[in-house]
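Undergrad: Dropping in target.json, with JSON, C-alpha atoms.
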[["chain", "number", "residue", "atom", "x", "y", "z"],
["A", 1, "MET", "CA", 0.61, -33.75, -7.34],
["A", 2, "SER", "CA", 1.88, -30.18, -7.03],
["A", 3, "ARG", "CA", 2.32, -28.47, -3.68],
["A", 4, "TYR", "CA", 0.73, -25.34, -5.08],
["A", 5, "SER", "CA", -2.95, -24.91, -5.69],
["A", 6, "PRO", "CA", -3.91, -23.18, -8.95],
["A", 7, "ALA", "CA", -6.71, -21.30, -7.16],
["A", 8, "PRO", "CA", -4.56, -18.39, -5.85],
["A", 9, "PHE", "CA", -3.18, -17.78, -9.32],
["A", 10, "ALA", "CA", -6.66, -17.77, -10.83],
["A", 11, "LEU", "CA", -7.86, -15.26, -8.23],
["A", 12, "ALA", "CA", -4.83, -13.06, -8.81],
["A", 13, "ALA", "CA", -5.48, -13.06, -12.56],
["A", 14, "VAL", "CA", -9.13, -12.13, -12.10],
["A", 15, "GLY", "CA", -8.17, -9.35, -9.68],
["A", 16, "ALA", "CA", -5.64, -7.96, -12.15],
["A", 17, "ILE", "CA", -8.03, -7.98, -15.09],
["A", 18, "ALA", "CA", -11.17, -6.70, -13.39],
["A", 19, "PRO", "CA", -9.89, -3.14, -12.75],
["A", 20, "LEU", "CA", -9.07, -2.77, -16.45],
["A", 21, "ASN", "CA", -12.66, -3.57, -17.36],
["A", 22, "LEU", "CA", -14.03, -1.08, -14.84],
["A", 23, "THR", "CA", -11.83, 1.88, -15.66],
["A", 24, "GLY", "CA", -11.83, 4.37, -18.50],
["A", 25, "CYS", "CA", -9.20, 5.04, -21.10],
["A", 26, "GLY", "CA", -7.44, 7.55, -18.84],
["A", 27, "LYS", "CA", -6.52, 4.85, -16.34],
["A", 28, "ILE", "CA", -5.23, 2.57, -19.11],
["A", 29, "GLN", "CA", -3.11, 5.42, -20.50],
["A", 30, "GLU", "CA", -1.79, 6.09, -16.99],
["A", 31, "MET", "CA", -0.83, 2.41, -16.59],
["A", 32, "ARG", "CA", 0.80, 2.40, -20.04],
["A", 33, "PHE", "CA", 2.84, 5.46, -19.08],
["A", 34, "GLU", "CA", 3.85, 3.96, -15.72],
["A", 35, "HIS", "CA", 5.15, 0.86, -17.51],
["A", 36, "ALA", "CA", 7.18, 2.98, -19.98],
["A", 37, "ALA", "CA", 8.57, 5.16, -17.17],
["A", 38, "LYS", "CA", 9.73, 2.21, -15.08],
["A", 39, "ALA", "CA", 11.21, 0.57, -18.18],
["A", 40, "LYS", "CA", 13.29, 3.73, -18.79],
["A", 41, "ILE", "CA", 14.71, 3.63, -15.25],
["A", 42, "VAL", "CA", 15.51, -0.09, -15.54],
["A", 43, "HIS", "CA", 17.10, 0.43, -18.98],
["A", 44, "ASP", "CA", 19.39, 3.19, -17.70],
["A", 45, "ALA", "CA", 20.54, 1.31, -14.58],
["A", 46, "ILE", "CA", 24.03, -0.19, -14.29],
["A", 47, "ASP", "CA", 22.46, -3.45, -13.04],
["A", 48, "PRO", "CA", 18.94, -3.49, -14.52],
["A", 49, "GLU", "CA", 17.94, -6.71, -12.77],
["A", 50, "SER", "CA", 18.56, -5.16, -9.35],
["A", 51, "VAL", "CA", 16.21, -2.17, -9.74],
["A", 52, "GLN", "CA", 13.58, -1.91, -7.03],
["A", 53, "PHE", "CA", 10.67, 0.55, -6.82],
["A", 54, "ARG", "CA", 8.59, 1.74, -3.88],
["A", 55, "ASP", "CA", 5.91, 4.34, -3.24],
["A", 56, "THR", "CA", 5.31, 4.95, -6.95],
["A", 57, "HIS", "CA", 2.28, 6.78, -8.21],
["A", 58, "ALA", "CA", 1.40, 8.07, -11.65],
["A", 59, "SER", "CA", -0.84, 11.05, -12.12],
["A", 60, "PRO", "CA", -2.06, 13.04, -15.11],
["A", 61, "SER", "CA", -0.66, 16.51, -15.65],
["A", 62, "LYS", "CA", -3.06, 19.36, -15.10],
["A", 63, "LYS", "CA", -1.11, 21.50, -17.56],
["A", 64, "TYR", "CA", -1.02, 19.34, -20.69],
["A", 65, "GLU", "CA", -3.59, 16.81, -21.81],
["A", 66, "GLY", "CA", -2.21, 13.31, -22.33],
["A", 67, "THR", "CA", 0.89, 13.89, -20.20],
["A", 68, "PHE", "CA", 1.70, 12.20, -16.93],
["A", 69, "ALA", "CA", 4.22, 12.17, -14.09],
["A", 70, "LEU", "CA", 5.44, 9.07, -12.30],
["A", 71, "CYS", "CA", 6.87, 9.78, -8.88],
["A", 72, "GLY", "CA", 8.46, 7.42, -6.42],
["A", 73, "GLU", "CA", 11.69, 6.00, -5.13],
["A", 74, "ALA", "CA", 14.15, 3.64, -6.79],
["A", 75, "ASN", "CA", 17.10, 1.62, -5.55],
["A", 76, "ALA", "CA", 19.62, -0.36, -7.61],
["A", 77, "LYS", "CA", 23.08, -1.84, -7.42],
["A", 78, "ASN", "CA", 26.14, 0.17, -8.42],
["A", 79, "ARG", "CA", 29.29, -1.09, -10.19],
["A", 80, "MET", "CA", 30.64, -2.45, -6.90],
["A", 81, "GLY", "CA", 27.51, -4.57, -6.39],
["A", 82, "GLY", "CA", 26.12, -2.61, -3.46],
["A", 83, "PHE", "CA", 22.75, -0.90, -3.40],
["A", 84, "THR", "CA", 22.92, 2.87, -3.77],
["A", 85, "GLY", "CA", 20.00, 3.63, -1.43],
["A", 86, "TRP", "CA", 16.46, 4.79, -2.06],
["A", 87, "THR", "CA", 16.35, 7.90, -4.25],
["A", 88, "ARG", "CA", 13.29, 9.92, -5.24],
["A", 89, "PHE", "CA", 12.59, 10.31, -8.96],
["A", 90, "ILE", "CA", 10.16, 12.04, -11.28],
["A", 91, "VAL", "CA", 9.49, 10.79, -14.78],
["A", 92, "SER", "CA", 7.47, 13.00, -17.13],
["A", 93, "GLY", "CA", 5.99, 11.76, -20.37],
["A", 94, "PHE", "CA", 2.94, 11.02, -22.45],
["A", 95, "ALA", "CA", 0.54, 8.21, -23.23],
["A", 96, "ASP", "CA", -2.38, 7.77, -25.57],
["A", 97, "ASN", "CA", -4.31, 4.77, -26.88],
["A", 98, "HIS", "CA", -1.36, 3.57, -28.99],
["A", 99, "GLU", "CA", 1.93, 4.43, -27.31],
["A", 100, "ALA", "CA", 3.68, 5.90, -24.29],
["A", 101, "GLY", "CA", 6.99, 7.66, -23.98],
["A", 102, "VAL", "CA", 9.32, 9.35, -21.55],
["A", 103, "ILE", "CA", 10.18, 13.03, -21.98],
["A", 104, "SER", "CA", 12.35, 13.52, -18.89],
["A", 105, "LEU", "CA", 13.74, 11.58, -15.95],
["A", 106, "THR", "CA", 15.02, 13.43, -12.89],
["A", 107, "PHE", "CA", 16.57, 11.93, -9.78],
["A", 108, "ASP", "CA", 16.85, 13.79, -6.48],
["A", 109, "ASP", "CA", 20.53, 14.60, -6.01],
["A", 110, "GLY", "CA", 19.82, 16.03, -2.54],
["A", 111, "ARG", "CA", 21.38, 19.38, -3.38],
["A", 112, "GLY", "CA", 18.61, 21.84, -3.59],
["A", 113, "ALA", "CA", 15.22, 23.31, -3.95],
["A", 114, "PHE", "CA", 14.81, 22.66, -7.69],
["A", 115, "PHE", "CA", 13.90, 18.98, -7.28],
["A", 116, "ASP", "CA", 11.80, 19.72, -4.19],
["A", 117, "ARG", "CA", 9.82, 22.30, -6.17],
["A", 118, "GLN", "CA", 9.32, 19.84, -9.04],
["A", 119, "TRP", "CA", 8.22, 17.16, -6.56],
["A", 120, "ALA", "CA", 5.69, 19.53, -4.97],
["A", 121, "GLU", "CA", 4.26, 20.47, -8.38],
["A", 122, "SER", "CA", 4.18, 17.00, -9.95],
["A", 123, "CYS", "CA", 3.91, 14.55, -7.09],
["A", 124, "SER", "CA", 1.81, 16.05, -4.35],
["A", 125, "PRO", "CA", -1.57, 14.34, -3.70],
["A", 126, "LYS", "CA", -3.50, 17.43, -4.80],
["A", 127, "ASN", "CA", -2.10, 16.97, -8.32],
["A", 128, "SER", "CA", -3.20, 13.34, -8.63]]
Just give me the structure of the file as structure tokens.

TA:
Amino acid sequence: MSRYSPAPFALAAVGAIAPLNLTGCGKIQEMRFEHAAKAKIVHDAIDPESVQFRDTHASPSKKYEGTFALCGEANAKNRMGGFTGWTRFIVSGFADNHEAGVISLTFDDGRGAFFDRQWAESCSPKNS
């Protein structure tokens, strides 16, 4: 007999599926874009298996229909095997009923107002 009960897994599966049935196409497109955006960050990392995300949120663009921004923080290991530290990022792209893609990926280099301005425009709660 297994130590683990199948009940928690069944509840988790139901909880994951239910929101998809209750939401419109826009939410599904947003989720599709978020998956593509995170996949881009993982793909570009030196150690893809070490990539961690926190405080991520995707939101539709108010400027262009079908475009989205994913904002959050990422951390990953460098060539020496140490984590680089949490860094803000913005991924811009598109999603429709068939595909999703990344147009741009920008990390905060901590050097200026350009990223801060982008963050305010794309990632602030009023834009979600």

Undergrad: Using only C-alpha atoms, which of A:Met80, A:Ile90, A:Ala95, A:Ala120 sits nearest Lys38 (chain A)?

TA: A:Ile90

Undergrad: In terms of the shortest atom-to-atom distance over all atoms listed in the file, which of A:Glu65, A:Ser92, A:Val51, A:Lys40 is closest to Gly26 (chain A)?

TA: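 Of all the options, A:Glu65 lies closest to Gly26 (chain A).
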
Undergrad: Within 9 Å of Glu49 (chain A), counting all atoms listed in the file, which residues show up once you throw out same-chain ones fewer than 6 positions away? Write them as a ChimeraX atom specification, please.

TA: /A:42,76-77

Undergrad: From the options A:Gly72, A:Arg32, A:Asp108, A:Lys62, which residue's atoms come nearest to Glu121 (chain A), counting all atoms listed in the file?

TA: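 Closest to Glu121 (chain A) of all the choices is A:Lys62.
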
Undergrad: Mind giving me the straight-line distance from CA of Arg111 (chain A) to CA of Phe89 (chain A) in Å, one decimal?

TA: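 Those two atoms sit 13.8 Å apart.
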
Undergrad: What is the CA of Arg117 (chain A) to CA of Lys63 (chain A) distance in Å?

TA: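 So the answer is 15.8 Å.
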
Undergrad: I'd like to know which of A:Phe83, A:Gln52, A:Ala113, A:Ser124 is closest to Cys71 (chain A), using all atoms listed in the file.

TA: A:Ser124

Undergrad: For Tyr64 (chain A), work out the shell of residues within 12 Å, counting only C-alpha atoms and skipping chain neighbours fewer than 4 positions away, then give it as a list of chain:residue names.

TA: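 Listed by chain and then number, they are A:Ser59, A:Pro60, A:Phe68, A:Ala69, A:Ser92, A:Gly93, A:Phe94, A:Ala95.
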
Undergrad: Please determine, counting all atoms listed in the file, which residue among A:Ile46, A:Ala100, A:Leu70, A:Ala58 has the shortest atom-to-atom distance to Thr84 (chain A).

TA: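 With all atoms listed in the file as the atom set, the closest residue is A:Ile46.
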
Undergrad: Return the single residue from A:Asn97, A:Thr56, A:Ser50, A:Ser104 that is closest to Gly82 (chain A), with distances computed using all atoms listed in the file.

TA: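 Ranking A:Asn97, A:Thr56, A:Ser50, A:Ser104 by distance to Gly82 (chain A), first place goes to A:Ser50.
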